[in-house]
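**Student:** So here's my_file09.txt, just compact mmCIF, C-alpha atoms and all ligand atoms:
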```
# COMPACT_ATOMS: atom_id res chain seq x y z
CA MET A 36 0.00 0.00 0.00
CA GLU A 37 1.35 3.41 -0.99
CA ARG A 38 0.26 7.02 -0.55
CA THR A 39 0.64 9.89 -2.98
CA LEU A 40 -0.02 13.63 -2.97
CA ILE A 41 -2.31 14.99 -5.66
CA ILE A 42 -3.29 18.65 -6.16
CA VAL A 43 -6.12 19.83 -8.38
CA LYS A 44 -4.42 23.07 -9.43
CA PRO A 45 -6.11 26.50 -9.54
CA ASP A 46 -7.06 26.05 -13.22
CA GLY A 47 -8.85 22.80 -12.38
CA VAL A 48 -10.87 24.49 -9.63
CA GLN A 49 -11.62 27.59 -11.72
CA ARG A 50 -12.68 25.48 -14.72
CA ALA A 51 -15.06 23.47 -12.50
CA LEU A 52 -13.18 20.23 -13.23
CA VAL A 53 -12.64 19.13 -9.60
CA GLY A 54 -15.20 16.31 -9.80
CA GLU A 55 -14.05 15.25 -13.29
CA ILE A 56 -10.42 14.99 -12.13
CA ILE A 57 -11.03 13.23 -8.80
CA LYS A 58 -13.46 10.85 -10.52
CA ARG A 59 -10.67 9.49 -12.71
CA PHE A 60 -8.37 8.67 -9.78
CA GLU A 61 -11.24 7.17 -7.83
CA ALA A 62 -12.39 5.03 -10.77
CA ARG A 63 -8.79 3.82 -11.21
CA GLY A 64 -9.04 2.26 -7.76
CA LEU A 65 -7.22 4.82 -5.62
CA ARG A 66 -8.80 5.53 -2.23
CA ILE A 67 -9.12 9.03 -0.77
CA ALA A 68 -7.18 9.13 2.52
CA GLY A 69 -7.28 12.94 2.88
CA MET A 70 -8.76 15.88 1.02
CA LYS A 71 -9.17 19.62 1.56
CA LEU A 72 -9.70 22.94 -0.18
CA MET A 73 -6.98 25.47 0.55
CA GLN A 74 -5.07 28.41 -0.87
CA ILE A 75 -1.41 27.40 -0.79
CA PRO A 76 0.80 29.79 1.21
CA ARG A 77 3.80 31.14 -0.76
CA GLU A 78 6.24 29.49 1.66
CA THR A 79 4.67 26.05 1.11
CA ALA A 80 4.73 26.45 -2.68
CA GLU A 81 8.41 27.47 -2.54
CA LYS A 82 9.24 24.34 -0.53
CA HIS A 83 7.15 22.17 -2.83
CA TYR A 84 8.86 23.41 -6.01
CA ALA A 85 12.35 23.86 -4.50
CA GLU A 86 13.86 21.40 -7.03
CA HIS A 87 12.87 23.82 -9.83
CA LYS A 88 14.29 27.00 -8.22
CA GLY A 89 16.25 28.97 -10.82
CA LYS A 90 14.44 27.44 -13.81
CA PRO A 91 12.56 29.84 -16.12
CA PHE A 92 9.13 28.52 -15.09
CA TYR A 93 9.77 28.50 -11.32
CA GLU A 94 8.43 31.98 -10.46
CA GLY A 95 5.40 31.60 -12.72
CA THR A 96 4.58 28.21 -11.25
CA VAL A 97 4.78 29.42 -7.64
CA ALA A 98 2.68 32.50 -8.50
CA PHE A 99 0.08 30.37 -10.29
CA MET A 100 -0.15 27.70 -7.59
CA THR A 101 -0.74 30.33 -4.89
CA SER A 102 -3.12 32.48 -6.97
CA ALA A 103 -6.43 30.78 -6.10
CA PRO A 104 -7.77 27.78 -4.14
CA VAL A 105 -6.70 24.23 -4.88
CA ILE A 106 -7.87 20.80 -3.74
CA VAL A 107 -5.14 18.74 -2.08
CA LEU A 108 -5.61 15.00 -1.82
CA CYS A 109 -3.82 12.06 -0.30
CA LEU A 110 -4.61 8.99 -2.41
CA GLU A 111 -3.82 5.49 -1.25
CA GLY A 112 -3.50 2.22 -3.14
CA PRO A 113 -1.08 -0.34 -4.54
CA ASP A 114 1.60 1.60 -6.47
CA ALA A 115 -0.44 4.79 -5.95
CA VAL A 116 2.37 7.11 -7.13
CA ALA A 117 2.89 5.43 -10.51
CA ALA A 118 -0.82 4.77 -11.01
CA ALA A 119 -1.70 8.42 -10.38
CA ARG A 120 1.08 9.70 -12.68
CA ALA A 121 -0.14 7.43 -15.49
CA THR A 122 -3.71 8.66 -15.00
CA MET A 123 -2.45 12.29 -15.16
CA GLY A 124 -0.35 11.96 -18.35
CA ALA A 125 2.82 13.83 -19.34
CA THR A 126 3.67 17.27 -17.90
CA ASN A 127 2.97 18.93 -21.26
CA PRO A 128 -0.67 18.18 -22.15
CA LEU A 129 0.33 18.19 -25.84
CA ASN A 130 2.41 15.07 -25.14
CA ALA A 131 -0.17 13.46 -22.85
CA PRO A 132 -2.21 10.75 -24.56
CA ALA A 133 -5.96 11.04 -24.87
CA GLY A 134 -7.52 9.18 -21.97
CA THR A 135 -5.28 10.93 -19.42
CA ILE A 136 -6.38 13.95 -17.37
CA ARG A 137 -3.88 16.32 -19.00
CA GLY A 138 -4.38 14.82 -22.47
CA ASP A 139 -8.16 15.12 -22.32
CA LEU A 140 -8.54 18.41 -20.46
CA GLY A 141 -5.40 20.50 -21.01
CA ILE A 142 -3.55 22.24 -23.82
CA ASN A 143 -0.76 24.27 -22.12
CA ILE A 144 2.19 23.07 -20.01
CA SER A 145 1.74 25.81 -17.38
CA ARG A 146 -1.97 25.09 -17.03
CA ASN A 147 -1.84 21.32 -16.73
CA LEU A 148 -4.60 20.98 -14.13
CA VAL A 149 -3.11 18.51 -11.72
CA HIS A 150 0.00 17.79 -9.67
CA GLY A 151 1.10 14.33 -8.58
CA ALA A 152 4.18 13.30 -6.63
CA ASP A 153 6.74 11.70 -8.97
CA LYS A 154 8.29 9.09 -6.63
CA PRO A 155 7.30 7.39 -3.36
CA GLU A 156 9.99 9.38 -1.45
CA THR A 157 8.72 12.63 -2.98
CA ALA A 158 5.18 11.69 -1.96
CA VAL A 159 6.22 11.34 1.70
CA ARG A 160 7.95 14.75 1.61
CA GLU A 161 5.07 16.47 -0.19
CA LEU A 162 2.33 14.92 1.96
CA ALA A 163 4.05 16.39 5.04
CA LEU A 164 3.85 19.87 3.44
CA TYR A 165 0.05 19.70 3.13
CA PHE A 166 -1.32 17.29 5.73
CA THR A 167 -0.87 16.48 9.40
CA GLU A 168 -0.98 12.76 10.27
CA ASP A 169 -4.40 13.09 11.92
CA GLU A 170 -5.89 14.50 8.70
CA LEU A 171 -5.16 11.21 6.90
CA LEU A 172 -7.43 8.22 7.42
CA SER A 173 -6.66 4.60 6.65
CA TYR A 174 -9.70 2.43 6.09
CA GLU A 175 -10.99 -0.40 3.90
CA ARG A 176 -13.72 0.09 1.34
CA ALA A 177 -16.03 -2.79 0.54
CA ALA A 178 -14.69 -2.98 -3.05
CA ASP A 179 -10.97 -2.81 -2.17
CA LYS A 180 -10.67 -6.60 -2.16
CA TRP A 181 -11.79 -6.58 -5.82
CA LEU A 182 -8.96 -4.21 -6.82
CA LYS A 183 -6.06 -6.54 -6.10
CA GLU A 184 -5.34 -10.22 -6.12
O1 LIG B 201 4.20 18.39 -12.70
P1 LIG B 201 5.24 17.46 -13.27
O2 LIG B 201 5.96 16.66 -12.21
O3 LIG B 201 4.68 16.59 -14.35
O4 LIG B 201 6.33 18.37 -14.00
P2 LIG B 201 7.64 19.12 -13.46
O5 LIG B 201 8.67 19.00 -14.51
O6 LIG B 201 8.01 18.65 -12.08
O7 LIG B 201 7.19 20.65 -13.40
C1 LIG B 201 6.40 21.13 -12.34
C2 LIG B 201 5.36 22.07 -12.88
O8 LIG B 201 5.99 23.27 -13.37
C3 LIG B 201 4.55 21.56 -14.09
O9 LIG B 201 3.48 20.71 -13.72
C4 LIG B 201 4.05 22.88 -14.67
O10 LIG B 201 2.96 23.39 -13.90
C5 LIG B 201 5.25 23.79 -14.46
N1 LIG B 201 6.10 23.86 -15.67
C6 LIG B 201 5.89 24.88 -16.56
O11 LIG B 201 5.01 25.73 -16.36
N2 LIG B 201 6.66 24.98 -17.70
C7 LIG B 201 7.63 24.07 -17.94
N3 LIG B 201 8.37 24.19 -19.04
C8 LIG B 201 7.84 23.02 -17.05
C9 LIG B 201 7.06 22.93 -15.90
MG MG B 202 7.38 17.16 -10.79
```
What would the structure in this file look like if it were written as structure tokens?
Ligand code: CDP
Ligand code: MG
**Tutor:**
Amino acid sequence: MERTLIIVKPDGVQRALVGEIIKRFEARGLRIAGMKLMQIPRETAEKHYAEHKGKPFYEGTVAFMTSAPVIVLCLEGPDAVAAARATMGATNPLNAPAGTIRGDLGINISRNLVHGADKPETAVRELALYFTEDELLSYERAADKWLKE
């Protein structure tokens, strides 16, 4: 069992695609362990995107991510990080296949609707930026036994 951090970015909230985006992760089999609406503080966004500091898109990304409310989610499931990334599609929606969130709903790399942690270690670090332990719930759904062997 693995946990990942997902963010429905400000464009997803503003375009009223929150349900559409969460639906795809949920239908894939990932279980919601935590979820909230928030406006990301600048300091948190800077920590989140620290690996990109100095790159041309860094300032724009931090400004965009803090510009309006987002939905942050902790999703849980077998190989949750890789499963969520595959459901999202490539960073640039133009390279994301149809059937993925970014490939179906996006057209610009800086407005790509959704964030997902890229590795299990990154997920642990990012989850700690957005959630306290008591905000995350572990539980079994009736259908979970049908999602794995
Ligand atoms: O989000 P992902 O892990 O797929 O991509 P990333 O390479 O870690 O970049 C983080 C975010 O920066 C992207 O999701 C975009 O929002 C933004 N970005 C951008 O606006 N322009 C780029 N050329 C690259 C990234
Ligand atoms: Mg990334």
**Student:** Calculate how many Å separate atom C8 of ligand LIG 201 (chain B) from atom CA of A:Ala121, rounding to one decimal.
**Tutor:** 17.6 Å
**Student:** What gap, in Å, lies between atom CA of A:Arg137 and atom CA of A:His87?
**Tutor:**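 The value is 20.5 Å.
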**Student:** Pick out the closest residue to A:Val149 from this set: A:Arg38, A:Arg50, A:Lys44, A:Lys183. Count all atoms listed in the file.
**Tutor:** A:Lys44
**Student:** Find the residue from A:Ile57, A:Ala152, A:Leu52, A:Leu129 that sits nearest to A:Met70; use only C-alpha atoms when measuring.
**Tutor:**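 Of A:Ile57, A:Ala152, A:Leu52, A:Leu129, the one nearest A:Met70 is A:Ile57, counting only C-alpha atoms.
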**Student:** Please define a box with edges along x, y and z of the file around all atoms of stretch 45-63 of chain A given in the file, extend it by 3 Å on each side, and return its centre and edge lengths in Å to one decimal, as AutoDock Vina command-line options.
**Tutor:**
```
--center_x -10.7 --center_y 15.7 --center_z -11.3 --size_x 15.1 --size_y 29.8 --size_z 12.9
```
**Student:** Kindly indicate which residue among A:Asn127, A:Thr101, A:Thr135, A:Ser145 lies nearest to ligand LIG 201 (chain B), using all atoms listed in the file for the distances.
**Tutor:** A:Ser145
**Student:** Counting all atoms listed in the file, which protein, DNA or RNA residues come within 7 Å of ligand LIG 201 (chain B), given as a compact mmCIF listing (two decimals) with C-alpha atoms, keeping the file's coordinate frame?
**Tutor:**
```txt
# COMPACT_ATOMS: atom_id res chain seq x y z
CA PHE A 92 9.13 28.52 -15.09
CA TYR A 93 9.77 28.50 -11.32
CA GLY A 95 5.40 31.60 -12.72
CA THR A 96 4.58 28.21 -11.25
CA ALA A 125 2.82 13.83 -19.34
CA THR A 126 3.67 17.27 -17.90
CA ILE A 144 2.19 23.07 -20.01
CA SER A 145 1.74 25.81 -17.38
CA ARG A 146 -1.97 25.09 -17.03
CA ASN A 147 -1.84 21.32 -16.73
CA HIS A 150 0.00 17.79 -9.67
CA GLY A 151 1.10 14.33 -8.58
CA ALA A 152 4.18 13.30 -6.63
CA ASP A 153 6.74 11.70 -8.97
```
**Student:** Give as a PyMOL selection string the set of residues within 12 Å of the point (3.2, 28.0, -3.3), where distances use the file's coordinates and only C-alpha atoms.
**Tutor:** chain A and resi 42+44-45+73-85+93-105+164-165
**Student:** Could you check which of A:Val53, A:Ala62, A:Cys109, A:Leu40 is closest to ligand MG 202 (chain B), using all atoms listed in the file?
**Tutor:** A:Leu40
**Student:** Please, what distance in Å, to one decimal, runs between atom CA of A:Pro113 and atom CA of A:Met36?
**Tutor:**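 Straight-line distance from atom CA of A:Pro113 to atom CA of A:Met36 works out to 4.7 Å.
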**Student:** May I ask which of the residues A:Leu72, A:Leu110, A:Val43, A:Ala177 is the closest one to A:Leu162, counting all atoms listed in the file?
**Tutor:** A:Leu110
**Student:** Using all atoms listed in the file, find the one residue out of A:Leu108, A:Ala178, A:Ile136, A:Ile41 that sits nearest to ligand MG 202 (chain B).
**Tutor:**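 Nearest to ligand MG 202 (chain B): A:Ile41.
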**Student:** Skipping near chain neighbours, those fewer than 5 positions away, what residues fall within 10 Å of A:Arg59 using all atoms listed in the file, listed as a ChimeraX atom specification?
**Tutor:** /A:54,64-65,119,122-123,134-136
